[in-house]
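Asker: I have a structure here, written as structure tokens, and I will follow up with some questions on it.
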Amino acid sequence: MVYIGRTWLAILALLLTLPAACLISVAVLYGLAWPDRPDEVFSWAAFDVAEFVPWILALALFSLTSVRPWLKAAVAVLSLPYSMLAFAAGEHFVGCALGNCL
């Protein structure tokens, strides 16, 4: 029973850290491109890298947990769209905070 509780706690921690990591990644993009907009300074490849770095780092930390391997793989696949959505939300949030709302 304790093992199941720790598993869900690890998954919850992954789902809570991904939006924060994506927000930091977007803030770094905007900070590096300041005073211009990031889409005017960087190529789409830079956005792709910035979008997947939080997901890769979160999964690297998640791999250190004692979760079963099949569940790690399932969470990795299912967390990818969530990470992309979190990055888009972070981009909108940071963009609007800096006056670049779409």
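Identifiers for the structure tokens are assigned positionally: chains receive A, B, ... in sequence, residues are indexed from 1 per chain, and ligands are indexed from 1 in the order shown.
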DSSP on the backbone: which residues in chain A end up as alpha helix (DSSP H)? Give the answer as a PyMOL selection string.
Answerer: chain A and resi 2-33+38-41+44-62+69-97
Asker: So which residues touch segment 83-100 of chain A within 12 Å, counting only C-alpha atoms, skipping near sequence neighbours fewer than 3 positions away, as an mmCIF file with N, CA, C and O atoms, in the first residue's frame?
Answerer:
data_model
loop_
_atom_site.group_PDB
_atom_site.id
_atom_site.type_symbol
_atom_site.label_atom_id
_atom_site.label_comp_id
_atom_site.auth_asym_id
_atom_site.auth_seq_id
_atom_site.Cartn_x
_atom_site.Cartn_y
_atom_site.Cartn_z
ATOM 1 N N LEU A 14 5.746 15.097 -10.568
ATOM 2 C CA LEU A 14 6.116 15.337 -11.960
ATOM 3 C C LEU A 14 5.136 16.303 -12.613
ATOM 4 O O LEU A 14 5.531 17.252 -13.288
ATOM 5 N N LEU A 15 3.842 16.082 -12.391
ATOM 6 C CA LEU A 15 2.832 16.933 -13.018
ATOM 7 C C LEU A 15 2.829 18.347 -12.445
ATOM 8 O O LEU A 15 2.412 19.287 -13.127
ATOM 9 N N LEU A 16 3.304 18.511 -11.235
ATOM 10 C CA LEU A 16 3.372 19.856 -10.650
ATOM 11 C C LEU A 16 4.658 20.585 -11.016
ATOM 12 O O LEU A 16 4.672 21.816 -11.090
ATOM 13 N N THR A 17 5.728 19.848 -11.250
ATOM 14 C CA THR A 17 6.985 20.516 -11.581
ATOM 15 C C THR A 17 7.078 20.892 -13.058
ATOM 16 O O THR A 17 7.789 21.832 -13.399
ATOM 17 N N LEU A 18 6.381 20.173 -13.924
ATOM 18 C CA LEU A 18 6.460 20.480 -15.348
ATOM 19 C C LEU A 18 5.999 21.902 -15.685
ATOM 20 O O LEU A 18 6.692 22.603 -16.416
ATOM 21 N N PRO A 19 4.844 22.371 -15.183
ATOM 22 C CA PRO A 19 4.466 23.757 -15.513
ATOM 23 C C PRO A 19 5.457 24.791 -14.986
ATOM 24 O O PRO A 19 5.757 25.773 -15.669
ATOM 25 N N ALA A 20 5.996 24.566 -13.801
ATOM 26 C CA ALA A 20 6.973 25.509 -13.251
ATOM 27 C C ALA A 20 8.247 25.507 -14.090
ATOM 28 O O ALA A 20 8.809 26.569 -14.387
ATOM 29 N N ALA A 21 8.692 24.340 -14.504
ATOM 30 C CA ALA A 21 9.900 24.257 -15.340
ATOM 31 C C ALA A 21 9.660 24.896 -16.708
ATOM 32 O O ALA A 21 10.552 25.566 -17.247
ATOM 33 N N CYS A 22 8.472 24.716 -17.264
ATOM 34 C CA CYS A 22 8.155 25.331 -18.559
ATOM 35 C C CYS A 22 8.093 26.848 -18.431
ATOM 36 O O CYS A 22 8.540 27.567 -19.325
ATOM 37 N N LEU A 23 7.553 27.332 -17.339
ATOM 38 C CA LEU A 23 7.495 28.779 -17.111
ATOM 39 C C LEU A 23 8.900 29.358 -17.003
ATOM 40 O O LEU A 23 9.186 30.424 -17.567
ATOM 41 N N ILE A 24 9.787 28.667 -16.335
ATOM 42 C CA ILE A 24 11.175 29.121 -16.228
ATOM 43 C C ILE A 24 11.848 29.097 -17.603
ATOM 44 O O ILE A 24 12.574 30.024 -17.969
ATOM 45 N N SER A 25 11.582 28.057 -18.383
ATOM 46 C CA SER A 25 12.162 27.954 -19.718
ATOM 47 C C SER A 25 11.701 29.105 -20.613
ATOM 48 O O SER A 25 12.493 29.688 -21.352
ATOM 49 N N VAL A 26 10.422 29.442 -20.542
ATOM 50 C CA VAL A 26 9.891 30.554 -21.339
ATOM 51 C C VAL A 26 10.487 31.878 -20.859
ATOM 52 O O VAL A 26 10.850 32.730 -21.669
ATOM 53 N N ALA A 27 10.605 32.034 -19.562
ATOM 54 C CA ALA A 27 11.187 33.265 -19.027
ATOM 55 C C ALA A 27 12.631 33.429 -19.472
ATOM 56 O O ALA A 27 13.070 34.547 -19.778
ATOM 57 N N VAL A 28 13.366 32.332 -19.564
ATOM 58 C CA VAL A 28 14.750 32.395 -20.055
ATOM 59 C C VAL A 28 14.766 32.810 -21.525
ATOM 60 O O VAL A 28 15.591 33.633 -21.941
ATOM 61 N N LEU A 29 13.847 32.258 -22.319
ATOM 62 C CA LEU A 29 13.768 32.659 -23.731
ATOM 63 C C LEU A 29 13.502 34.151 -23.873
ATOM 64 O O LEU A 29 14.148 34.838 -24.651
ATOM 65 N N TYR A 30 12.533 34.646 -23.116
ATOM 66 C CA TYR A 30 12.217 36.067 -23.179
ATOM 67 C C TYR A 30 13.366 36.916 -22.649
ATOM 68 O O TYR A 30 13.633 37.999 -23.154
ATOM 69 N N GLY A 31 14.044 36.417 -21.616
ATOM 70 C CA GLY A 31 15.165 37.166 -21.062
ATOM 71 C C GLY A 31 16.341 37.253 -22.022
ATOM 72 O O GLY A 31 17.004 38.285 -22.117
ATOM 73 N N TRP A 34 15.457 39.810 -24.833
ATOM 74 C CA TRP A 34 15.066 41.150 -24.415
ATOM 75 C C TRP A 34 15.897 42.201 -25.126
ATOM 76 O O TRP A 34 17.090 42.019 -25.241
ATOM 77 N N PRO A 35 15.387 43.265 -25.627
ATOM 78 C CA PRO A 35 14.037 43.831 -25.566
ATOM 79 C C PRO A 35 13.134 43.400 -26.710
ATOM 80 O O PRO A 35 11.991 43.799 -26.773
ATOM 81 N N ASP A 36 13.637 42.561 -27.625
ATOM 82 C CA ASP A 36 12.797 42.090 -28.723
ATOM 83 C C ASP A 36 11.967 40.893 -28.285
ATOM 84 O O ASP A 36 12.188 40.317 -27.218
ATOM 85 N N ARG A 37 11.033 40.521 -29.159
ATOM 86 C CA ARG A 37 10.240 39.317 -28.899
ATOM 87 C C ARG A 37 11.065 38.094 -29.291
ATOM 88 O O ARG A 37 11.847 38.137 -30.238
ATOM 89 N N PRO A 38 10.914 36.990 -28.579
ATOM 90 C CA PRO A 38 11.713 35.795 -28.883
ATOM 91 C C PRO A 38 11.487 35.254 -30.299
ATOM 92 O O PRO A 38 12.411 34.736 -30.906
ATOM 93 N N ASP A 39 10.286 35.375 -30.828
ATOM 94 C CA ASP A 39 10.049 34.838 -32.165
ATOM 95 C C ASP A 39 10.720 35.675 -33.248
ATOM 96 O O ASP A 39 10.858 35.230 -34.381
ATOM 97 N N PHE A 47 12.875 27.295 -29.969
ATOM 98 C CA PHE A 47 11.629 27.075 -29.243
ATOM 99 C C PHE A 47 11.406 25.586 -28.984
ATOM 100 O O PHE A 47 10.929 25.211 -27.908
ATOM 101 N N ASP A 48 11.756 24.745 -29.948
ATOM 102 C CA ASP A 48 11.602 23.305 -29.751
ATOM 103 C C ASP A 48 12.502 22.805 -28.630
ATOM 104 O O ASP A 48 12.082 22.007 -27.793
ATOM 105 N N VAL A 49 13.728 23.286 -28.600
ATOM 106 C CA VAL A 49 14.643 22.885 -27.533
ATOM 107 C C VAL A 49 14.129 23.379 -26.180
ATOM 108 O O VAL A 49 14.084 22.625 -25.210
ATOM 109 N N ALA A 50 13.696 24.630 -26.135
ATOM 110 C CA ALA A 50 13.196 25.181 -24.882
ATOM 111 C C ALA A 50 11.912 24.483 -24.432
ATOM 112 O O ALA A 50 11.630 24.412 -23.238
ATOM 113 N N GLU A 51 11.169 23.958 -25.383
ATOM 114 C CA GLU A 51 9.927 23.273 -25.040
ATOM 115 C C GLU A 51 10.177 21.886 -24.463
ATOM 116 O O GLU A 51 9.466 21.444 -23.563
ATOM 117 N N PHE A 52 11.211 21.204 -24.956
ATOM 118 C CA PHE A 52 11.433 19.834 -24.523
ATOM 119 C C PHE A 52 12.443 19.696 -23.391
ATOM 120 O O PHE A 52 12.505 18.647 -22.762
ATOM 121 N N VAL A 53 13.219 20.712 -23.102
ATOM 122 C CA VAL A 53 14.182 20.627 -22.006
ATOM 123 C C VAL A 53 13.494 20.384 -20.654
ATOM 124 O O VAL A 53 13.924 19.498 -19.905
ATOM 125 N N PRO A 54 12.423 21.116 -20.300
ATOM 126 C CA PRO A 54 11.768 20.809 -19.019
ATOM 127 C C PRO A 54 11.230 19.379 -18.954
ATOM 128 O O PRO A 54 11.316 18.726 -17.910
ATOM 129 N N TRP A 55 10.695 18.902 -20.070
ATOM 130 C CA TRP A 55 10.147 17.538 -20.092
ATOM 131 C C TRP A 55 11.262 16.523 -19.891
ATOM 132 O O TRP A 55 11.113 15.570 -19.113
ATOM 133 N N ILE A 56 12.391 16.718 -20.560
ATOM 134 C CA ILE A 56 13.508 15.788 -20.441
ATOM 135 C C ILE A 56 14.090 15.817 -19.029
ATOM 136 O O ILE A 56 14.383 14.776 -18.435
ATOM 137 N N LEU A 57 14.241 16.998 -18.468
ATOM 138 C CA LEU A 57 14.774 17.093 -17.103
ATOM 139 C C LEU A 57 13.821 16.496 -16.077
ATOM 140 O O LEU A 57 14.245 15.824 -15.127
ATOM 141 N N ALA A 58 12.529 16.731 -16.246
ATOM 142 C CA ALA A 58 11.547 16.158 -15.318
ATOM 143 C C ALA A 58 11.540 14.640 -15.408
ATOM 144 O O ALA A 58 11.458 13.950 -14.384
ATOM 145 N N LEU A 59 11.648 14.114 -16.610
ATOM 146 C CA LEU A 59 11.695 12.655 -16.743
ATOM 147 C C LEU A 59 13.007 12.079 -16.212
ATOM 148 O O LEU A 59 13.032 10.955 -15.712
ATOM 149 N N VAL A 75 3.889 7.096 -18.155
ATOM 150 C CA VAL A 75 3.870 8.481 -17.696
ATOM 151 C C VAL A 75 4.678 9.360 -18.644
ATOM 152 O O VAL A 75 4.288 10.498 -18.939
ATOM 153 N N ALA A 76 5.785 8.862 -19.152
ATOM 154 C CA ALA A 76 6.600 9.640 -20.093
ATOM 155 C C ALA A 76 5.812 9.964 -21.356
ATOM 156 O O ALA A 76 5.820 11.097 -21.829
ATOM 157 N N VAL A 77 5.104 8.976 -21.882
ATOM 158 C CA VAL A 77 4.319 9.204 -23.103
ATOM 159 C C VAL A 77 3.148 10.138 -22.834
ATOM 160 O O VAL A 77 2.871 11.047 -23.617
ATOM 161 N N LEU A 78 2.468 9.941 -21.722
ATOM 162 C CA LEU A 78 1.292 10.759 -21.421
ATOM 163 C C LEU A 78 1.643 12.169 -20.961
ATOM 164 O O LEU A 78 0.823 13.083 -21.082
ATOM 165 N N SER A 79 2.852 12.356 -20.447
ATOM 166 C CA SER A 79 3.222 13.684 -19.971
ATOM 167 C C SER A 79 3.736 14.590 -21.086
ATOM 168 O O SER A 79 3.863 15.799 -20.883
ATOM 169 N N LEU A 80 4.030 14.045 -22.247
ATOM 170 C CA LEU A 80 4.522 14.876 -23.350
ATOM 171 C C LEU A 80 3.497 15.912 -23.807
ATOM 172 O O LEU A 80 3.819 17.101 -23.871
#
Asker: Can you measure atom CA of Ser66 of chain A to atom CA of Pro81 of chain A for me? One decimal in Å is fine.
Answerer: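 Value for the atom CA of Ser66 of chain A-atom CA of Pro81 of chain A distance: 23.5 Å.
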Asker: At what distance in Å, to one decimal, does atom CA of Ala45 of chain A lie from atom CA of Leu64 of chain A?
Answerer: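 The value is 28.8 Å.
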Asker: When you draw a straight line from atom CA of Ala73 of chain A to atom CA of Trp8 of chain A, how long is it in Å?
Answerer: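 So the two atoms, atom CA of Ala73 of chain A and atom CA of Trp8 of chain A, lie 14.5 Å apart.
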